[in-house]
Structures are given as structure tokens and as C-alpha cells.
$ cat start.cif   # mmCIF, C-alpha atoms; chains and numbers go by the auth columns
data_structure
#
loop_
_atom_site.group_PDB
_atom_site.id
_atom_site.type_symbol
_atom_site.label_atom_id
_atom_site.label_comp_id
_atom_site.label_asym_id
_atom_site.label_seq_id
_atom_site.Cartn_x
_atom_site.Cartn_y
_atom_site.Cartn_z
_atom_site.B_iso_or_equiv
_atom_site.auth_seq_id
_atom_site.auth_asym_id
ATOM 1 C CA MET A 1 0.000 0.000 0.000 0.00 8 U
ATOM 2 C CA SER A 2 1.377 3.405 -0.915 0.00 9 U
ATOM 3 C CA ALA A 3 2.184 5.963 1.772 0.00 10 U
ATOM 4 C CA GLU A 4 -0.456 8.328 0.333 0.00 11 U
ATOM 5 C CA LEU A 5 -3.137 5.657 0.454 0.00 12 U
ATOM 6 C CA ASP A 6 -2.098 4.662 3.959 0.00 13 U
ATOM 7 C CA ALA A 7 -2.370 8.311 5.074 0.00 14 U
ATOM 8 C CA LEU A 8 -5.810 8.619 3.474 0.00 15 U
ATOM 9 C CA TYR A 9 -7.016 5.463 5.228 0.00 16 U
ATOM 10 C CA GLN A 10 -5.715 6.766 8.568 0.00 17 U
ATOM 11 C CA GLU A 11 -7.552 10.031 7.947 0.00 18 U
ATOM 12 C CA ILE A 12 -10.842 8.200 7.266 0.00 19 U
ATOM 13 C CA ILE A 13 -10.457 6.150 10.457 0.00 20 U
ATOM 14 C CA LEU A 14 -9.658 9.237 12.533 0.00 21 U
ATOM 15 C CA ASP A 15 -12.592 11.143 11.040 0.00 22 U
ATOM 16 C CA HIS A 16 -15.044 8.361 11.954 0.00 23 U
ATOM 17 C CA TYR A 17 -13.484 8.161 15.425 0.00 24 U
ATOM 18 C CA LYS A 18 -13.728 11.912 16.063 0.00 25 U
ATOM 19 C CA ASN A 19 -17.117 12.323 14.333 0.00 26 U
ATOM 20 C CA PRO A 20 -18.903 9.000 14.820 0.00 27 U
ATOM 21 C CA HIS A 21 -22.049 8.309 12.827 0.00 28 U
ATOM 22 C CA HIS A 22 -25.172 6.975 14.572 0.00 29 U
ATOM 23 C CA LYS A 23 -23.524 7.008 18.024 0.00 30 U
ATOM 24 C CA GLY A 24 -25.952 7.315 20.926 0.00 31 U
ATOM 25 C CA LEU A 25 -28.438 4.585 21.770 0.00 32 U
ATOM 26 C CA ARG A 26 -31.872 4.954 20.160 0.00 33 U
ATOM 27 C CA GLY A 27 -34.994 2.866 20.417 0.00 34 U
ATOM 28 C CA ASP A 28 -36.408 0.974 23.354 0.00 35 U
ATOM 29 C CA PRO A 29 -35.334 -2.675 23.479 0.00 36 U
ATOM 30 C CA SER A 30 -38.256 -3.539 25.738 0.00 37 U
ATOM 31 C CA ALA A 31 -40.981 -1.904 23.665 0.00 38 U
ATOM 32 C CA ASP A 32 -40.401 -1.409 19.959 0.00 39 U
ATOM 33 C CA GLY A 33 -38.748 -4.585 18.680 0.00 40 U
ATOM 34 C CA THR A 34 -35.259 -3.140 18.995 0.00 41 U
ATOM 35 C CA VAL A 35 -32.648 -5.685 20.076 0.00 42 U
ATOM 36 C CA GLU A 36 -29.706 -4.654 22.249 0.00 43 U
ATOM 37 C CA VAL A 37 -26.435 -6.553 22.665 0.00 44 U
ATOM 38 C CA HIS A 38 -23.234 -5.826 24.553 0.00 45 U
ATOM 39 C CA HIS A 39 -19.914 -7.138 23.233 0.00 46 U
ATOM 40 C CA VAL A 40 -16.462 -6.886 24.780 0.00 47 U
ATOM 41 C CA ASN A 41 -13.049 -7.511 23.263 0.00 48 U
ATOM 42 C CA PRO A 42 -11.311 -9.230 26.193 0.00 49 U
ATOM 43 C CA THR A 43 -7.840 -8.761 24.711 0.00 50 U
ATOM 44 C CA CYS A 44 -7.977 -4.965 24.905 0.00 51 U
ATOM 45 C CA GLY A 45 -11.085 -4.011 26.886 0.00 52 U
ATOM 46 C CA ASP A 46 -12.997 -2.339 24.024 0.00 53 U
ATOM 47 C CA GLU A 47 -16.765 -2.496 24.540 0.00 54 U
ATOM 48 C CA VAL A 48 -19.822 -1.766 22.454 0.00 55 U
ATOM 49 C CA THR A 49 -23.498 -1.701 23.346 0.00 56 U
ATOM 50 C CA LEU A 50 -25.409 -1.829 20.086 0.00 57 U
ATOM 51 C CA ARG A 51 -29.093 -1.659 19.168 0.00 58 U
ATOM 52 C CA VAL A 52 -30.643 -2.900 15.944 0.00 59 U
ATOM 53 C CA HIS A 53 -34.162 -2.287 14.727 0.00 60 U
ATOM 54 C CA LEU A 54 -35.412 -4.260 11.728 0.00 61 U
ATOM 55 C CA GLU A 55 -38.656 -3.631 9.873 0.00 62 U
ATOM 56 C CA GLU A 56 -40.438 -5.663 7.269 0.00 63 U
ATOM 57 C CA ALA A 57 -42.070 -3.935 4.322 0.00 64 U
ATOM 58 C CA ASP A 58 -43.334 -5.575 1.134 0.00 65 U
ATOM 59 C CA GLY A 59 -41.881 -8.889 2.263 0.00 66 U
ATOM 60 C CA VAL A 60 -38.369 -7.471 2.663 0.00 67 U
ATOM 61 C CA LEU A 61 -36.727 -7.301 6.072 0.00 68 U
ATOM 62 C CA ARG A 62 -34.638 -4.117 6.297 0.00 69 U
ATOM 63 C CA VAL A 63 -32.149 -2.680 8.761 0.00 70 U
ATOM 64 C CA GLN A 64 -34.223 0.291 9.898 0.00 71 U
ATOM 65 C CA ASP A 65 -31.780 1.605 12.488 0.00 72 U
ATOM 66 C CA VAL A 66 -28.500 0.819 14.218 0.00 73 U
ATOM 67 C CA SER A 67 -27.250 2.847 17.162 0.00 74 U
ATOM 68 C CA TYR A 68 -24.488 2.256 19.649 0.00 75 U
ATOM 69 C CA ASP A 69 -22.460 3.439 22.571 0.00 76 U
ATOM 70 C CA ALA A 70 -18.830 2.362 22.724 0.00 77 U
ATOM 71 C CA VAL A 71 -15.586 2.769 24.593 0.00 78 U
ATOM 72 C CA GLY A 72 -12.288 1.728 23.134 0.00 79 U
ATOM 73 C CA CYS A 73 -9.643 2.426 20.564 0.00 80 U
ATOM 74 C CA SER A 74 -10.054 4.504 17.440 0.00 81 U
ATOM 75 C CA ILE A 75 -10.167 1.382 15.263 0.00 82 U
ATOM 76 C CA SER A 76 -13.083 -0.274 17.068 0.00 83 U
ATOM 77 C CA GLN A 77 -15.101 2.919 17.291 0.00 84 U
ATOM 78 C CA ALA A 78 -14.412 4.063 13.727 0.00 85 U
ATOM 79 C CA SER A 79 -15.217 0.605 12.365 0.00 86 U
ATOM 80 C CA THR A 80 -18.567 0.611 14.182 0.00 87 U
ATOM 81 C CA SER A 81 -19.342 4.062 12.761 0.00 88 U
ATOM 82 C CA VAL A 82 -18.530 2.887 9.225 0.00 89 U
ATOM 83 C CA MET A 83 -20.598 -0.276 9.723 0.00 90 U
ATOM 84 C CA THR A 84 -23.714 1.733 10.655 0.00 91 U
ATOM 85 C CA ASP A 85 -23.415 3.752 7.447 0.00 92 U
ATOM 86 C CA LEU A 86 -23.071 0.581 5.401 0.00 93 U
ATOM 87 C CA VAL A 87 -26.015 -1.403 6.798 0.00 94 U
ATOM 88 C CA ILE A 88 -28.758 1.093 7.737 0.00 95 U
ATOM 89 C CA GLY A 89 -31.496 1.109 5.123 0.00 96 U
ATOM 90 C CA LYS A 90 -30.353 -2.074 3.387 0.00 97 U
ATOM 91 C CA PRO A 91 -32.282 -5.322 3.226 0.00 98 U
ATOM 92 C CA VAL A 92 -30.900 -7.648 5.914 0.00 99 U
ATOM 93 C CA GLU A 93 -29.686 -10.127 3.283 0.00 100 U
ATOM 94 C CA GLU A 94 -27.658 -7.422 1.514 0.00 101 U
ATOM 95 C CA ALA A 95 -26.323 -6.043 4.815 0.00 102 U
ATOM 96 C CA MET A 96 -25.189 -9.552 5.821 0.00 103 U
ATOM 97 C CA GLY A 97 -23.362 -9.722 2.481 0.00 104 U
ATOM 98 C CA VAL A 98 -21.531 -6.473 3.311 0.00 105 U
ATOM 99 C CA HIS A 99 -20.624 -8.002 6.685 0.00 106 U
ATOM 100 C CA GLU A 100 -19.137 -11.028 4.911 0.00 107 U
ATOM 101 C CA VAL A 101 -17.078 -8.831 2.552 0.00 108 U
ATOM 102 C CA PHE A 102 -15.694 -6.869 5.533 0.00 109 U
ATOM 103 C CA LEU A 103 -14.986 -10.095 7.445 0.00 110 U
ATOM 104 C CA THR A 104 -13.097 -11.505 4.441 0.00 111 U
ATOM 105 C CA LEU A 105 -11.054 -8.300 4.218 0.00 112 U
ATOM 106 C CA MET A 106 -10.203 -8.425 7.930 0.00 113 U
ATOM 107 C CA GLN A 107 -9.268 -12.115 7.858 0.00 114 U
ATOM 108 C CA GLY A 108 -7.121 -11.702 4.728 0.00 115 U
ATOM 109 C CA LYS A 109 -3.983 -10.596 6.612 0.00 116 U
ATOM 110 C CA GLY A 110 -3.551 -7.742 4.153 0.00 117 U
ATOM 111 C CA SER A 111 -3.740 -9.912 1.025 0.00 118 U
ATOM 112 C CA VAL A 112 -7.395 -9.138 0.130 0.00 119 U
ATOM 113 C CA GLU A 113 -8.033 -6.183 -2.175 0.00 120 U
ATOM 114 C CA PRO A 114 -10.870 -4.139 -0.617 0.00 121 U
ATOM 115 C CA ASP A 115 -14.031 -3.649 -2.705 0.00 122 U
ATOM 116 C CA GLU A 116 -14.674 0.104 -2.479 0.00 123 U
ATOM 117 C CA GLU A 117 -18.079 -0.224 -4.136 0.00 124 U
ATOM 118 C CA VAL A 118 -19.294 -2.499 -1.333 0.00 125 U
ATOM 119 C CA LEU A 119 -17.264 -1.230 1.633 0.00 126 U
ATOM 120 C CA GLU A 120 -17.036 2.524 0.907 0.00 127 U
ATOM 121 C CA ASP A 121 -15.138 3.988 3.915 0.00 128 U
ATOM 122 C CA GLY A 122 -14.646 0.419 5.154 0.00 129 U
ATOM 123 C CA ILE A 123 -11.720 0.068 2.743 0.00 130 U
ATOM 124 C CA ALA A 124 -9.746 2.183 5.230 0.00 131 U
ATOM 125 C CA PHE A 125 -9.411 -0.906 7.420 0.00 132 U
ATOM 126 C CA ALA A 126 -7.470 -2.871 4.770 0.00 133 U
ATOM 127 C CA GLY A 127 -4.202 -2.005 6.531 0.00 134 U
ATOM 128 C CA VAL A 128 -5.578 -3.101 9.901 0.00 135 U
ATOM 129 C CA ALA A 129 -5.896 -6.657 8.545 0.00 136 U
ATOM 130 C CA LYS A 130 -2.086 -6.916 8.600 0.00 137 U
ATOM 131 C CA PHE A 131 -2.126 -6.637 12.395 0.00 138 U
ATOM 132 C CA PRO A 132 -3.889 -9.675 13.910 0.00 139 U
ATOM 133 C CA ALA A 133 -4.125 -8.031 17.328 0.00 140 U
ATOM 134 C CA ARG A 134 -6.162 -5.175 15.801 0.00 141 U
ATOM 135 C CA VAL A 135 -8.493 -7.283 13.665 0.00 142 U
ATOM 136 C CA LYS A 136 -10.685 -8.045 16.697 0.00 143 U
ATOM 137 C CA CYS A 137 -10.918 -4.300 17.336 0.00 144 U
ATOM 138 C CA ALA A 138 -12.153 -3.670 13.794 0.00 145 U
ATOM 139 C CA LEU A 139 -14.651 -6.545 13.994 0.00 146 U
ATOM 140 C CA LEU A 140 -16.148 -5.758 17.427 0.00 147 U
ATOM 141 C CA GLY A 141 -19.049 -3.602 16.218 0.00 148 U
ATOM 142 C CA TRP A 142 -19.650 -5.797 13.172 0.00 149 U
ATOM 143 C CA MET A 143 -19.954 -8.934 15.291 0.00 150 U
ATOM 144 C CA ALA A 144 -22.287 -7.143 17.701 0.00 151 U
ATOM 145 C CA TRP A 145 -24.409 -6.026 14.738 0.00 152 U
ATOM 146 C CA LYS A 146 -24.595 -9.563 13.348 0.00 153 U
ATOM 147 C CA ASP A 147 -25.545 -10.920 16.790 0.00 154 U
ATOM 148 C CA ALA A 148 -28.259 -8.296 17.349 0.00 155 U
ATOM 149 C CA THR A 149 -29.595 -8.695 13.805 0.00 156 U
ATOM 150 C CA SER A 150 -29.792 -12.483 14.170 0.00 157 U
ATOM 151 C CA GLN A 151 -31.650 -12.086 17.478 0.00 158 U
ATOM 152 C CA SER A 152 -34.000 -9.544 15.906 0.00 159 U
ATOM 153 C CA MET A 153 -34.697 -11.837 12.955 0.00 160 U
ATOM 154 C CA THR A 154 -35.604 -14.639 15.375 0.00 161 U
ATOM 155 C CA THR A 155 -37.924 -12.303 17.283 0.00 162 U
ATOM 156 C CA THR A 156 -39.505 -11.011 14.070 0.00 163 U
ATOM 157 C CA ALA A 157 -39.983 -14.552 12.713 0.00 164 U
ATOM 158 C CA GLN A 158 -41.739 -15.537 15.941 0.00 165 U
ATOM 159 C CA GLY A 159 -44.133 -12.620 15.574 0.00 166 U
ATOM 160 C CA GLY A 160 -42.555 -10.562 18.330 0.00 167 U
ATOM 161 C CA ASP A 161 -42.561 -7.416 16.194 0.00 168 U
ATOM 162 C CA ASP A 162 -46.160 -6.298 15.739 0.00 169 U
ATOM 163 C CA ASP A 163 -45.398 -2.883 14.242 0.00 170 U
#

$ encode --input "start.cif" --output "C-alpha cells"
Amino acid sequence: MSAELDALYQEIILDHYKNPHHKGLRGDPSADGTVEVHHVNPTCGDEVTLRVHLEEADGVLRVQDVSYDAVGCSISQASTSVMTDLVIGKPVEEAMGVHEVFLTLMQGKGSVEPDEEVLEDGIAFAGVAKFPARVKCALLGWMAWKDATSQSMTTTAQGGDDD
């Protein structure tokens, strides 16, 4: 990776860290079908509490909202911010596909070429994949989102979301 590209990626990560998108918990997990999860990275102490609200319209289950509160390093917080931008408004199936593309990038140890069309600002984490100790930081919010979304889908399938 060129020094210019590396600097750009660092700038994107810092911008999402300093100006996080969708930060601040929204929705009421006990009332409106929103699911809340709390994930911790035991290796570094990063934590995220994340809420997901799915809604079905015209037979398509969509990610209506994702909000979070987090403490931790710039990588974990910036990655969670980027993830919210990438999944909110998408059908769950498409959002899960974005999750898989990001997971592949992170597990590629720096050998996977990031797909900018799918990952947008998420390509900034391509360099992080070269540092195994930081991969868990970058994946913390994504794994919390997948967990909360899976729980929400189970609740929705059981008729727990009457909206």
C-alpha cells in the first residue's frame, strides 16, 4: 500500500473516530422490537453496546436503524461508525453480504483487495488486517451487529414485532 493511500485510510479512520455516525443509543429494546447486545473484546477491553431495529415492508426485512455506545480504541469505534453507514437502510440479506465482505477483508492478513463499491469507507481498514491483534478491534461492532440482527430476525420470525 502506498504511503499516500495509507495516510488517506488513517484520515478516514480518525474522522469516523472523532465524528462517529449513529452514536448514541436509540430505540427501546423492551418496547419497539429493537434488540440490544453488549460485546467486549477481552484482549484490549474495548466495549460496544449496540441496538438494531429491523422492519419488514413488502416482504423485505430491512435494517431500519442501528445505534451504539462504545468505549475503546479509534479502530473499534471508527469501524462501528462505518458499519452503521453501510447497513442502515439495506435489506438484511444485503447487509449480511456487506458483513461477509468486511470479514473476508479483515481475515485476509492484508492480502485481500478491498471492494470500495461495497465497503465505501470500510476500505480504510485494509491495513488493519495486517495486524492480527487489531483485527478483533475492527470486527467488534460488526460482530455485535450480526448478533443483534440475528436475534431480531428470530424475534420477528416468531411474531414478536407487531409494528

$ resolve_selection --input "start.cif" --expression "the PyMOL selection byres ((chain U and resi 73-79) around 7)" --output "count of residues only"
21

$ residues_around --input "start.cif" --residues "Ala10 in chain U" --least-positions-apart "6" --cutoff "12 Å" --atoms "all atoms listed in the file" --output "list in words"
Tyr16, Gln17 and Gly134 of chain U

$ closest_residue --input "start.cif" --among "U:Ile82, U:Ala14, U:Val44, U:Leu93" --to "Ala145 in chain U" --atoms "all atoms listed in the file"
U:Ile82

$ residues_around --input "start.cif" --residues "Met103 in chain U" --least-positions-apart "5" --cutoff "10 Å" --atoms "all atoms listed in the file" --output "list in words"
Val94, Lys97, Pro98, Val108, Phe109, Trp149, Trp152, Lys153, Thr156 and Ser157 of chain U

$ resolve_selection --input "start.cif" --expression "the PyMOL selection byres ((chain U and resi 110) around 10)" --output "list in words"
Gly104, Val105, His106, Glu107, Val108, Phe109, Thr111, Leu112, Met113, Gln114, Gly115, Ala136, Val142, Ala145, Leu146, Trp149 and Met150 of chain U

$ closest_residue --input "start.cif" --among "U:Met90, U:Ala131, U:Glu101, U:Lys137" --to "Ser118 in chain U" --atoms "all atoms listed in the file"
U:Lys137

$ axis_aligned_box --input "start.cif" --around "range 106-114 of chain U" --padding-each-side "3 Å" --output "JSON"
{"center_x": -14.9, "center_y": -9.5, "center_z": 5.2, "size_x": 17.4, "size_y": 11.2, "size_z": 11.4}

$ atom_distance --input "start.cif" --atom1 "CA of Ala155 in chain U" --atom2 "CA of Glu43 in chain U"
6.3 Å

$ atom_distance --input "start.cif" --atom1 "CA of Asn48 in chain U" --atom2 "CA of Ala85 in chain U"
15.1 Å

$ closest_residue --input "start.cif" --among "U:Ala151, U:Ala140, U:Val135, U:Leu126" --to "Asp13 in chain U" --atoms "all atoms listed in the file"
U:Val135

$ atom_distance --input "start.cif" --atom1 "CA of Ser9 in chain U" --atom2 "CA of Val89 in chain U"
22.3 Å

$ closest_residue --input "start.cif" --among "U:Glu100, U:Glu11, U:Asp22, U:Asp92" --to "Leu61 in chain U" --atoms "all atoms listed in the file"
U:Glu100

$ closest_atom_pairs --input "start.cif" --of "range 10-46 of chain U" --to "range 127-130 of chain U" --cutoff "10 Å" --atoms "all atoms listed in the file" --output "JSON lines"
{"residue": "U:Tyr16", "atom": "CA", "partner": "U:Ile130", "partner_atom": "CA", "distance": 7.6}
{"residue": "U:Ile19", "atom": "CA", "partner": "U:Asp128", "partner_atom": "CA", "distance": 6.9}
{"residue": "U:Ile20", "atom": "CA", "partner": "U:Asp128", "partner_atom": "CA", "distance": 8.3}
{"residue": "U:His23", "atom": "CA", "partner": "U:Asp128", "partner_atom": "CA", "distance": 9.2}

$ decode --input "start.cif" --residues "range 55-80 of chain U" --atoms "N, CA and C atoms" --output "short mmCIF file (atom, residue, chain, number, x, y, z; two decimals), in the first residue's frame"
data_model
loop_
_atom_site.label_atom_id
_atom_site.label_comp_id
_atom_site.auth_asym_id
_atom_site.auth_seq_id
_atom_site.Cartn_x
_atom_site.Cartn_y
_atom_site.Cartn_z
N VAL U 55 -18.77 -2.42 23.22
CA VAL U 55 -19.82 -1.77 22.45
C VAL U 55 -21.18 -2.30 22.92
N THR U 56 -22.10 -1.37 23.14
CA THR U 56 -23.50 -1.70 23.35
C THR U 56 -24.18 -1.23 22.07
N LEU U 57 -24.88 -2.14 21.40
CA LEU U 57 -25.41 -1.83 20.09
C LEU U 57 -26.88 -2.22 20.01
N ARG U 58 -27.66 -1.38 19.36
CA ARG U 58 -29.09 -1.66 19.17
C ARG U 58 -29.40 -1.73 17.68
N VAL U 59 -30.21 -2.71 17.33
CA VAL U 59 -30.64 -2.90 15.94
C VAL U 59 -32.17 -2.95 15.92
N HIS U 60 -32.71 -2.24 14.94
CA HIS U 60 -34.16 -2.29 14.73
C HIS U 60 -34.40 -2.66 13.27
N LEU U 61 -35.07 -3.79 13.07
CA LEU U 61 -35.41 -4.26 11.73
C LEU U 61 -36.89 -4.02 11.49
N GLU U 62 -37.24 -3.75 10.24
CA GLU U 62 -38.66 -3.63 9.87
C GLU U 62 -38.89 -4.34 8.56
N GLU U 63 -40.06 -4.97 8.49
CA GLU U 63 -40.44 -5.66 7.27
C GLU U 63 -41.43 -4.81 6.50
N ALA U 64 -41.15 -4.66 5.20
CA ALA U 64 -42.07 -3.94 4.32
C ALA U 64 -42.05 -4.64 2.96
N ASP U 65 -43.21 -4.91 2.44
CA ASP U 65 -43.33 -5.58 1.13
C ASP U 65 -42.55 -6.88 1.09
N GLY U 66 -42.54 -7.60 2.20
CA GLY U 66 -41.88 -8.89 2.26
C GLY U 66 -40.36 -8.83 2.37
N VAL U 67 -39.82 -7.62 2.55
CA VAL U 67 -38.37 -7.47 2.66
C VAL U 67 -38.03 -6.96 4.06
N LEU U 68 -37.17 -7.69 4.74
CA LEU U 68 -36.73 -7.30 6.07
C LEU U 68 -35.53 -6.36 5.92
N ARG U 69 -35.68 -5.14 6.44
CA ARG U 69 -34.64 -4.12 6.30
C ARG U 69 -34.06 -3.71 7.65
N VAL U 70 -32.80 -3.26 7.59
CA VAL U 70 -32.15 -2.68 8.76
C VAL U 70 -32.67 -1.25 8.86
N GLN U 71 -33.61 -1.03 9.75
CA GLN U 71 -34.22 0.29 9.90
C GLN U 71 -33.30 1.25 10.65
N ASP U 72 -32.66 0.74 11.71
CA ASP U 72 -31.78 1.60 12.49
C ASP U 72 -30.73 0.76 13.21
N VAL U 73 -29.57 1.37 13.39
CA VAL U 73 -28.50 0.82 14.22
C VAL U 73 -27.94 1.99 15.01
N SER U 74 -27.86 1.82 16.32
CA SER U 74 -27.25 2.85 17.16
C SER U 74 -26.37 2.14 18.18
N TYR U 75 -25.44 2.90 18.76
CA TYR U 75 -24.49 2.26 19.65
C TYR U 75 -23.88 3.25 20.62
N ASP U 76 -23.30 2.70 21.65
CA ASP U 76 -22.46 3.44 22.57
C ASP U 76 -21.22 2.56 22.75
N ALA U 77 -20.05 3.16 22.70
CA ALA U 77 -18.83 2.36 22.72
C ALA U 77 -17.71 3.07 23.47
N VAL U 78 -16.84 2.27 24.03
CA VAL U 78 -15.59 2.77 24.59
C VAL U 78 -14.49 1.88 24.03
N GLY U 79 -13.38 2.52 23.67
CA GLY U 79 -12.29 1.73 23.13
C GLY U 79 -11.43 2.52 22.18
N CYS U 80 -10.62 1.81 21.46
CA CYS U 80 -9.64 2.43 20.56
C CYS U 80 -10.31 3.03 19.33
#
